[in-house]
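Asker: Okay, so here is structure.csv, and as you'll see once you scroll down, it has CSV, C-alpha atoms.
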chain,number,residue,atom,x,y,z
A,293,MET,CA,-9.8,-17.8,-1.9
A,294,SER,CA,-8.4,-15.6,0.9
A,295,THR,CA,-8.0,-12.1,2.1
A,296,ALA,CA,-4.9,-9.9,2.0
A,297,VAL,CA,-4.2,-6.7,4.0
A,298,ALA,CA,-2.6,-4.1,1.9
A,299,ASP,CA,0.1,-1.6,2.8
A,300,THR,CA,0.2,1.8,1.1
A,301,CYS,CA,3.6,0.9,-0.4
A,302,PHE,CA,2.0,-1.9,-2.4
A,303,LEU,CA,-1.3,-0.1,-3.3
A,304,VAL,CA,0.3,3.0,-4.8
A,305,HIS,CA,2.2,0.8,-7.3
A,306,TRP,CA,-0.4,-1.9,-7.9
A,307,LEU,CA,-3.2,0.7,-8.6
A,308,ARG,CA,-1.1,2.1,-11.4
A,309,PHE,CA,-0.9,-1.3,-13.2
A,310,ARG,CA,-3.0,-1.8,-16.3
A,311,ASP,CA,-4.2,-5.3,-15.1
A,312,ARG,CA,-4.7,-4.3,-11.5
A,313,GLU,CA,-8.1,-6.1,-11.4
A,314,ARG,CA,-6.4,-9.4,-11.8
A,315,ILE,CA,-5.3,-9.4,-8.1
A,316,PHE,CA,-8.8,-10.7,-7.5
A,317,GLU,CA,-7.8,-13.9,-9.2
A,318,VAL,CA,-5.5,-14.4,-6.2
A,319,PHE,CA,-7.5,-12.9,-3.3
A,320,GLU,CA,-11.2,-12.7,-2.8
A,321,SER,CA,-10.9,-9.4,-1.0
A,322,ILE,CA,-8.3,-6.8,0.0
A,323,ALA,CA,-8.4,-5.3,3.5
A,324,VAL,CA,-7.2,-1.7,3.7
A,325,PRO,CA,-6.4,-0.2,7.2
A,326,VAL,CA,-7.8,3.3,7.6
A,327,MET,CA,-4.3,4.6,8.3
A,328,VAL,CA,-3.2,3.3,4.8
A,329,LEU,CA,-6.1,5.2,3.1
A,330,ASP,CA,-5.1,8.3,5.1
A,331,GLU,CA,-1.7,8.2,3.5
A,332,MET,CA,-3.2,8.4,0.0
A,333,GLY,CA,-3.8,11.6,-2.0
A,334,ALA,CA,-6.5,12.2,-4.5
A,335,ARG,CA,-5.2,9.9,-7.2
A,336,GLY,CA,-4.8,6.8,-4.9
A,337,ARG,CA,-8.3,7.4,-3.4
A,338,VAL,CA,-9.9,7.7,-6.8
A,339,MET,CA,-8.2,4.4,-8.0
A,340,LEU,CA,-9.2,2.6,-4.8
A,341,ALA,CA,-12.8,3.8,-4.7
A,342,PRO,CA,-14.3,1.3,-7.2
A,343,TRP,CA,-12.9,-1.6,-5.1
A,344,LEU,CA,-14.3,-0.2,-1.9
A,345,ALA,CA,-17.6,0.6,-3.5
A,346,SER,CA,-17.9,-3.0,-4.9
A,347,ARG,CA,-16.8,-4.4,-1.5
A,348,ARG,CA,-13.9,-6.2,-3.1
A,349,ALA,CA,-11.9,-4.1,-0.7
A,350,PHE,CA,-12.9,-3.1,2.8
A,351,LEU,CA,-11.6,-0.7,5.4
A,352,ILE,CA,-10.2,-1.9,8.7
A,353,PRO,CA,-10.6,0.4,11.6
A,354,ARG,CA,-7.9,1.3,14.2
A,355,ILE,CA,-8.1,-1.4,16.8
A,356,ASN,CA,-6.1,-0.9,20.0
A,357,ASP,CA,-4.9,-4.5,20.3
A,358,TYR,CA,-3.4,-4.4,16.8
A,359,GLU,CA,-1.8,-0.9,17.5
A,360,VAL,CA,-0.2,-2.2,20.6
A,361,GLU,CA,1.3,-5.2,18.7
A,362,ALA,CA,2.3,-2.9,15.9
A,363,LEU,CA,4.2,-0.7,18.4
A,364,ARG,CA,6.0,-3.8,19.7
A,365,LEU,CA,7.1,-4.7,16.2
A,366,VAL,CA,8.2,-1.2,15.4
A,367,GLU,CA,10.3,-0.9,18.6
A,368,PHE,CA,11.9,-4.2,18.0
A,369,SER,CA,12.8,-3.5,14.4
A,370,ARG,CA,14.4,-0.2,15.3
A,371,SER,CA,16.9,-1.9,17.4
A,372,GLN,CA,18.2,-4.2,14.7
A,373,ARG,CA,20.3,-4.0,11.6
A,374,LEU,CA,17.2,-4.9,9.6
A,375,PRO,CA,15.3,-2.2,7.8
A,376,THR,CA,12.9,-0.4,10.2
A,377,LEU,CA,9.3,-1.2,10.1
A,378,ASP,CA,6.9,1.7,9.5
A,379,PRO,CA,3.8,1.9,11.7
A,380,PRO,CA,1.3,1.1,8.8
A,381,GLU,CA,3.4,-2.0,7.8
A,382,ALA,CA,3.6,-3.1,11.4
A,383,TYR,CA,-0.2,-2.7,11.7
A,384,CYS,CA,-0.7,-4.8,8.6
A,385,LEU,CA,1.5,-7.5,10.1
A,386,ALA,CA,-0.4,-7.5,13.4
A,387,VAL,CA,-3.7,-7.7,11.6
A,388,ALA,CA,-2.5,-10.4,9.3
A,389,LYS,CA,-1.2,-12.6,12.1
A,390,ARG,CA,-4.4,-12.4,14.1
A,391,ARG,CA,-6.8,-12.7,11.2
A,392,GLY,CA,-4.9,-15.2,9.0
A,393,TYR,CA,-4.6,-12.7,6.1
A,394,ALA,CA,-1.6,-12.4,3.7
A,395,VAL,CA,0.2,-9.0,3.7
A,396,LEU,CA,0.8,-7.0,0.6
A,397,THR,CA,3.8,-4.7,0.7
A,398,ASP,CA,6.6,-3.6,-1.5
A,399,ASN,CA,8.9,-2.8,1.5
A,400,LYS,CA,11.5,-5.3,2.6
A,401,ALA,CA,11.2,-4.9,6.3
A,402,PRO,CA,8.0,-6.9,6.9
A,403,LYS,CA,9.2,-9.8,4.7
A,404,TYR,CA,12.5,-10.1,6.6
A,405,LEU,CA,10.9,-9.7,10.0
A,406,ALA,CA,8.4,-12.4,9.2
A,407,GLN,CA,11.4,-14.6,8.3
A,408,ILE,CA,13.3,-14.1,11.5
A,409,LEU,CA,10.4,-13.9,14.1
A,410,LYS,CA,9.1,-17.3,14.8
A,411,ASP,CA,5.7,-15.9,15.9
A,412,TYR,CA,5.3,-14.4,12.4
A,413,SER,CA,6.7,-17.3,10.4
A,414,GLY,CA,3.2,-18.3,9.3
A,415,VAL,CA,2.3,-14.9,7.8
A,416,LYS,CA,2.6,-14.7,4.1
A,417,ILE,CA,4.2,-11.5,2.9
A,418,LEU,CA,3.9,-10.8,-0.8
A,419,ASP,CA,5.2,-8.0,-2.9
A,420,SER,CA,4.4,-6.9,-6.5
A,421,LEU,CA,6.6,-9.5,-8.1
A,422,ASP,CA,5.2,-12.3,-5.9
A,423,ILE,CA,1.6,-11.3,-7.0
A,424,LEU,CA,2.6,-11.1,-10.7
A,425,ALA,CA,4.1,-14.6,-10.4
A,426,LEU,CA,0.9,-16.0,-8.9
A,427,ILE,CA,-1.2,-14.4,-11.6
A,428,TYR,CA,0.9,-14.8,-14.8
A,429,CYS,CA,2.9,-18.0,-14.5
A,430,ASP,CA,4.1,-18.6,-18.0
A,431,ASP,CA,3.6,-15.0,-19.1
A,432,LEU,CA,5.5,-13.5,-16.2
A,433,ALA,CA,8.3,-11.9,-18.3
A,434,GLU,CA,5.7,-9.9,-20.3
A,435,ALA,CA,3.9,-8.9,-17.2
A,436,VAL,CA,7.1,-7.8,-15.5
A,437,LYS,CA,7.9,-5.6,-18.5
A,438,ALA,CA,4.3,-4.1,-18.4
A,439,TYR,CA,4.5,-3.5,-14.6
A,440,LYS,CA,7.9,-1.7,-15.0
A,441,GLU,CA,6.4,0.5,-17.7
A,442,ASP,CA,3.3,1.4,-15.6
A,443,THR,CA,5.0,1.8,-12.2
A,444,GLY,CA,8.7,2.5,-12.6
A,445,LEU,CA,9.5,-0.4,-10.4
A,446,VAL,CA,12.4,-2.6,-11.1
A,447,PHE,CA,12.9,-6.2,-9.8
A,448,SER,CA,16.3,-7.4,-8.7
A,449,LYS,CA,18.1,-9.6,-11.2
A,450,THR,CA,18.6,-12.2,-8.5
A,451,ARG,CA,14.9,-12.5,-7.8
A,452,LEU,CA,14.0,-12.5,-11.5
A,453,LYS,CA,16.4,-15.4,-12.1
A,454,THR,CA,14.5,-17.5,-9.5
A,455,TYR,CA,11.5,-17.0,-11.7
A,456,GLY,CA,13.5,-18.0,-14.8
A,457,ILE,CA,13.7,-14.5,-16.2
A,458,ASP,CA,17.0,-13.2,-17.4
A,459,SER,CA,16.9,-9.4,-17.3
B,247,MET,CA,-33.1,-10.4,2.1
B,248,GLU,CA,-35.2,-9.8,-1.0
B,249,LYS,CA,-36.9,-6.9,0.7
B,250,PHE,CA,-33.5,-5.4,1.5
B,251,ARG,CA,-32.3,-5.8,-2.1
B,252,GLU,CA,-35.6,-4.1,-3.3
B,253,PHE,CA,-35.1,-1.3,-0.9
B,254,GLU,CA,-31.5,-0.8,-2.0
B,255,ARG,CA,-32.5,-0.7,-5.7
B,256,GLU,CA,-35.2,1.9,-5.0
B,257,ALA,CA,-32.8,3.9,-2.9
B,258,ARG,CA,-30.1,3.9,-5.6
B,259,GLU,CA,-32.6,4.9,-8.3
B,260,LEU,CA,-33.8,7.8,-6.1
B,261,ARG,CA,-30.2,9.0,-5.5
B,262,GLU,CA,-29.4,8.8,-9.2
B,263,LYS,CA,-32.5,10.7,-10.1
B,264,SER,CA,-32.2,13.4,-7.5
B,265,ALA,CA,-28.4,14.1,-7.8
B,266,ASP,CA,-27.2,17.3,-9.3
B,267,TRP,CA,-24.8,15.7,-11.8
B,268,GLU,CA,-23.6,19.1,-13.1
B,269,PHE,CA,-22.5,20.0,-9.6
B,270,ILE,CA,-20.9,16.6,-9.1
B,271,GLU,CA,-18.9,16.7,-12.3
B,272,LYS,CA,-17.5,20.1,-11.3
B,273,GLN,CA,-16.0,18.9,-8.1
B,274,PRO,CA,-12.2,18.2,-7.7
B,275,GLU,CA,-11.0,14.7,-7.1
B,276,PRO,CA,-11.3,12.7,-5.0
B,277,ILE,CA,-14.5,14.4,-3.9
B,278,LYS,CA,-16.1,13.8,-7.4
B,279,THR,CA,-15.4,10.1,-7.2
B,280,ALA,CA,-16.6,10.0,-3.6
B,281,LEU,CA,-19.9,11.6,-4.6
B,282,LYS,CA,-20.3,9.0,-7.4
B,283,VAL,CA,-19.7,6.2,-4.9
B,284,LEU,CA,-22.3,7.7,-2.6
B,285,VAL,CA,-24.9,7.7,-5.4
B,286,GLU,CA,-24.0,4.2,-6.3
B,287,ASN,CA,-24.1,2.5,-2.8
B,288,GLY,CA,-25.4,5.1,-0.3
B,289,ASP,CA,-22.6,4.6,2.1
B,290,LEU,CA,-21.9,8.0,3.5
B,291,TRP,CA,-19.0,6.9,5.8
B,292,LEU,CA,-17.2,5.1,3.0
B,293,ALA,CA,-17.7,8.0,0.6
B,294,ALA,CA,-16.4,10.5,3.2
B,295,LYS,CA,-13.3,8.3,3.8
B,296,ILE,CA,-12.6,8.3,0.0
B,297,SER,CA,-13.0,12.0,-0.1
B,298,GLY,CA,-10.5,12.5,2.8
B,299,LEU,CA,-13.0,14.9,4.4
B,300,PRO,CA,-14.6,14.6,7.8
B,301,VAL,CA,-18.1,13.1,7.6
B,302,ASP,CA,-19.9,16.3,8.5
B,303,GLU,CA,-18.0,18.3,5.9
B,304,PHE,CA,-18.6,15.7,3.2
B,305,ASP,CA,-22.3,15.7,4.2
B,306,GLU,CA,-22.5,19.4,3.4
B,307,ILE,CA,-21.2,18.7,0.0
B,308,ARG,CA,-23.7,15.8,-0.3
B,309,ILE,CA,-26.5,18.2,0.4
B,310,LYS,CA,-25.3,20.7,-2.2
B,311,ALA,CA,-25.0,17.8,-4.7
B,312,LYS,CA,-28.7,17.0,-3.9
B,313,ILE,CA,-28.0,13.4,-3.1
B,314,PRO,CA,-30.6,12.2,-0.6
B,315,VAL,CA,-29.8,9.7,2.2
B,316,VAL,CA,-32.7,7.2,2.0
B,317,VAL,CA,-33.9,5.6,5.2
C,43,MET,CA,26.8,-3.8,15.9
C,44,GLU,CA,24.6,-6.5,17.4
C,45,SER,CA,25.6,-10.1,17.1
C,46,THR,CA,23.0,-12.7,16.5
C,47,ALA,CA,23.0,-13.7,20.2
C,48,GLU,CA,22.4,-10.1,21.2
C,49,THR,CA,19.5,-9.9,18.8
C,50,ALA,CA,18.0,-13.0,20.2
C,51,GLU,CA,18.3,-11.6,23.7
C,52,LEU,CA,16.7,-8.4,22.6
C,53,ALA,CA,13.9,-10.2,20.9
C,54,LYS,CA,13.2,-12.1,24.1
C,55,GLN,CA,12.9,-8.8,25.9
C,56,PHE,CA,10.2,-7.8,23.4
C,57,GLY,CA,8.5,-11.2,23.8
C,58,PHE,CA,9.6,-12.5,20.5
C,59,THR,CA,11.6,-15.6,19.5
C,60,ILE,CA,13.9,-15.4,16.6
C,61,ASN,CA,15.1,-17.8,14.0
C,62,LYS,CA,18.9,-17.2,14.2
C,63,ARG,CA,19.7,-18.9,10.9
C,64,ALA,CA,17.1,-16.9,9.1
C,65,LEU,CA,18.5,-13.7,10.7
C,66,ALA,CA,22.0,-14.3,9.4
C,67,LYS,CA,20.6,-15.2,5.9
C,68,ALA,CA,18.3,-12.1,5.8
C,69,LEU,CA,21.1,-9.7,6.8
C,70,LYS,CA,23.4,-11.1,4.0
C,71,GLU,CA,20.6,-10.9,1.4
C,72,LEU,CA,19.6,-7.4,2.4
C,73,GLU,CA,23.1,-6.1,2.1
C,74,GLU,CA,23.5,-7.5,-1.4
C,75,LEU,CA,20.0,-6.3,-2.6
C,76,GLU,CA,20.4,-2.9,-1.1
C,77,HIS,CA,23.8,-2.4,-2.8
C,78,GLU,CA,22.4,-3.4,-6.2
C,79,ALA,CA,19.3,-1.2,-5.6
C,80,ARG,CA,21.2,1.9,-4.6
C,81,GLU,CA,23.3,1.7,-7.7
C,82,ILE,CA,20.3,1.3,-10.0
C,83,ARG,CA,18.5,4.2,-8.4
C,84,ALA,CA,21.5,6.5,-8.6
C,85,LYS,CA,22.3,5.6,-12.2
C,86,SER,CA,18.7,5.9,-13.5
C,87,ALA,CA,17.7,9.1,-11.7
C,88,ASP,CA,17.0,12.3,-13.7
C,89,TRP,CA,19.2,14.6,-11.6
C,90,GLU,CA,18.4,17.6,-13.8
C,91,TYR,CA,14.7,17.1,-12.9
C,92,ILE,CA,15.5,16.5,-9.2
C,93,GLU,CA,17.7,19.6,-8.9
C,94,LYS,CA,14.9,21.8,-10.4
C,95,GLN,CA,12.4,20.9,-7.6
C,96,PRO,CA,11.7,23.1,-4.7
C,97,ASP,CA,12.6,22.0,-1.2
C,98,PRO,CA,11.5,19.9,0.6
C,99,LEU,CA,10.6,17.9,-2.5
C,100,LYS,CA,14.1,18.0,-3.8
C,101,ALA,CA,15.5,16.8,-0.5
C,102,ALA,CA,12.9,14.0,-0.4
C,103,LEU,CA,13.8,12.8,-3.9
C,104,ARG,CA,17.5,12.8,-3.0
C,105,LEU,CA,16.7,10.8,0.1
C,106,LEU,CA,14.6,8.4,-2.1
C,107,VAL,CA,17.6,7.8,-4.4
C,108,GLU,CA,19.8,7.1,-1.4
C,109,THR,CA,17.5,4.9,0.7
C,110,GLY,CA,14.6,3.7,-1.6
C,111,ASP,CA,12.3,4.6,1.3
C,112,LEU,CA,9.1,6.0,-0.4
C,113,ARG,CA,7.2,6.5,2.8
C,114,LEU,CA,10.0,8.4,4.5
C,115,ALA,CA,10.5,10.5,1.5
C,116,ALA,CA,6.8,11.3,1.4
C,117,HIS,CA,6.9,12.4,5.0
C,118,ILE,CA,9.9,14.7,4.3
C,119,ALA,CA,8.2,16.2,1.3
C,120,GLY,CA,5.0,16.6,3.3
C,121,ILE,CA,2.8,15.2,0.6
C,122,PRO,CA,0.7,12.0,0.3
C,123,LEU,CA,2.6,8.8,-0.8
C,124,ASP,CA,0.9,8.5,-4.2
C,125,GLU,CA,1.8,12.2,-5.0
C,126,LEU,CA,5.4,11.5,-4.1
C,127,ASP,CA,5.3,8.4,-6.3
C,128,GLU,CA,4.2,10.6,-9.2
C,129,HIS,CA,7.3,12.7,-8.7
C,130,ARG,CA,9.4,9.6,-8.3
C,131,ILE,CA,8.3,8.4,-11.7
C,132,LYS,CA,9.0,11.9,-13.3
C,133,ALA,CA,12.4,11.9,-11.7
C,134,LYS,CA,13.0,8.4,-13.2
C,135,ILE,CA,13.9,6.9,-9.8
C,136,PRO,CA,13.1,3.2,-9.9
C,137,LEU,CA,12.2,1.3,-6.8
C,138,VAL,CA,14.0,-2.0,-6.8
C,139,LEU,CA,12.2,-5.1,-5.3
What does this structure look like when you write it as structure tokens?

Answerer:
Amino acid sequence: MSTAVADTCFLVHWLRFRDRERIFEVFESIAVPVMVLDEMGARGRVMLAPWLASRRAFLIPRINDYEVEALRLVEFSRSQRLPTLDPPEAYCLAVAKRRGYAVLTDNKAPKYLAQILKDYSGVKILDSLDILALIYCDDLAEAVKAYKEDTGLVFSKTRLKTYGIDS
Amino acid sequence: MEKFREFEREARELREKSADWEFIEKQPEPIKTALKVLVENGDLWLAAKISGLPVDEFDEIRIKAKIPVVV
Amino acid sequence: MESTAETAELAKQFGFTINKRALAKALKELEELEHEAREIRAKSADWEYIEKQPDPLKAALRLLVETGDLRLAAHIAGIPLDELDEHRIKAKIPLVL
């Protein structure tokens, strides 16, 4: 099993989910950049603490090489019609590319940038729906319903159809 | 490795025994959770990060919570 | 608006190589998804709750309905992301993935 680096915009949702522990059926560990933890308030930190304490999650320090690469990605994304990459997402991308991690984010920009940039085509970018699909397989419809109840997230009809779910 | 595990177990027992749980339970989140993490695994840096406080400020609270750092 | 060729040239300046076909596909998909998402957010939002909030939180929630950008809205509100997310849920603003 592998490691994924998590953006805040995935963690704040996933940590609300009643079955959040099941992410460890997909990943052995979750890497959390310190800048991601810094974006979290009390609730998020309390929810994340058990994972950190048990070492299923670990903190990644600020590393200059990754920050330089993140800036390159942010600058490029700003000049396009694609959604702009935020610095923490860019940092996650840079770390993932170098370390062979997957990226967990519920924002669209990293996914689309990874599709269009050949250098990043090997980086797996997964959002909440992707993780639910990996965990639940046949029970996905129920899981999607539970996730929506817990997080207030909605999945696009087009995407749900690709998983055989008619919303 | 076995010596290390033994040391960790003793250290955790000492932290649990010494801690002022009444003080800990009165703290606002995420400081309360951070103190509990500190008692559990002794990692001051990690606990400070969870609390959102600088390490030295968190250490002040650690002292008030009577959680020893075991070396 | 940049063409695909312009984007490729710009990418080169940053030291990137782009997949032009993927770019065209991504732009089309994004436009469709964003249109659907914005409609869902605007329809579901509890505007009464939103209008009762003090600024800058009110402005942040309105921005969130418009753009779906949780991080930007949190910066506008000046609060941590998970706190803004609590308000998002109370304001019945769904995020659409």

Asker: Determine, counting only C-alpha atoms, which protein, DNA and RNA residues have an atom within 12 Å of an atom of Ala296 in chain A; residues of the same chain fewer than 5 positions away are not included. Present the result as number ranges by chain.

Answerer: A: 302-303, 315-316, 318-325, 348-352, 384-385, 387-389, 391-397, 415-419, 423

Asker: At a cut-off of 7 Å, can you tabulate as a Markdown table every residue of chain A near chain C together with its closest atom pair and the distance in Å to one decimal, using only C-alpha atoms and ordering rows by chain then number?

Answerer:
| residue | atom | partner | partner_atom | distance |
| --- | --- | --- | --- | --- |
| A:Val304 | CA | C:Asp124 | CA | 5.6 |
| A:Glu331 | CA | C:Pro122 | CA | 5.5 |
| A:Met332 | CA | C:Pro122 | CA | 5.3 |
| A:Gly333 | CA | C:Pro122 | CA | 5.1 |
| A:Arg335 | CA | C:Asp124 | CA | 6.9 |
| A:Gly336 | CA | C:Asp124 | CA | 6.0 |
| A:Arg364 | CA | C:Phe56 | CA | 6.9 |
| A:Phe368 | CA | C:Phe56 | CA | 6.7 |
| A:Leu374 | CA | C:Leu69 | CA | 6.8 |
| A:Asp398 | CA | C:Leu139 | CA | 6.9 |
| A:Tyr404 | CA | C:Ala68 | CA | 6.2 |
| A:Gln407 | CA | C:Ala64 | CA | 6.2 |
| A:Ile408 | CA | C:Asn61 | CA | 4.8 |
| A:Leu409 | CA | C:Ile60 | CA | 4.6 |
| A:Lys410 | CA | C:Ile60 | CA | 5.5 |
| A:Asp411 | CA | C:Thr59 | CA | 6.9 |
| A:Gly444 | CA | C:Pro136 | CA | 5.2 |
| A:Leu445 | CA | C:Leu137 | CA | 4.8 |
| A:Val446 | CA | C:Val138 | CA | 4.6 |
| A:Phe447 | CA | C:Leu139 | CA | 4.7 |
| A:Ser448 | CA | C:Leu139 | CA | 5.8 |

Asker: Determine, counting all atoms listed in the file, which protein, DNA and RNA residues have an atom within 12 Å of an atom of Val316 in chain B; residues of the same chain fewer than 5 positions away are not included. Present the result as a list in words.

Answerer: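 In the requested form, the answer reads Phe253, Glu254, Arg255, Glu256, Ala257, Arg258, Glu259, Leu260, Arg261, Glu262, Ser264, Leu284, Val285, Asn287, Gly288, Asp289 and Leu290 of chain B.
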
Asker: Measure the distance from CA of Ile92 in chain C to CA of Arg104 in chain C in Å and round it to one decimal.

Answerer: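 Taking CA of Ile92 in chain C and CA of Arg104 in chain C, their separation equals 7.5 Å.
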
Asker: From the set B:Gly298, B:Glu306, B:Trp267, B:Ala280, which residue has the shortest atom-to-atom contact distance to chain C, counting only C-alpha atoms?

Answerer: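 Closest to chain C of all the choices is B:Gly298.
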
Asker: Which residues of chain A are close to chain B, meaning at most 6 Å apart when you count all atoms listed in the file, and how do they look as a list in words?

Answerer: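 Listed by rising number, the hits are Ala334, Arg337 and Val338 of chain A.
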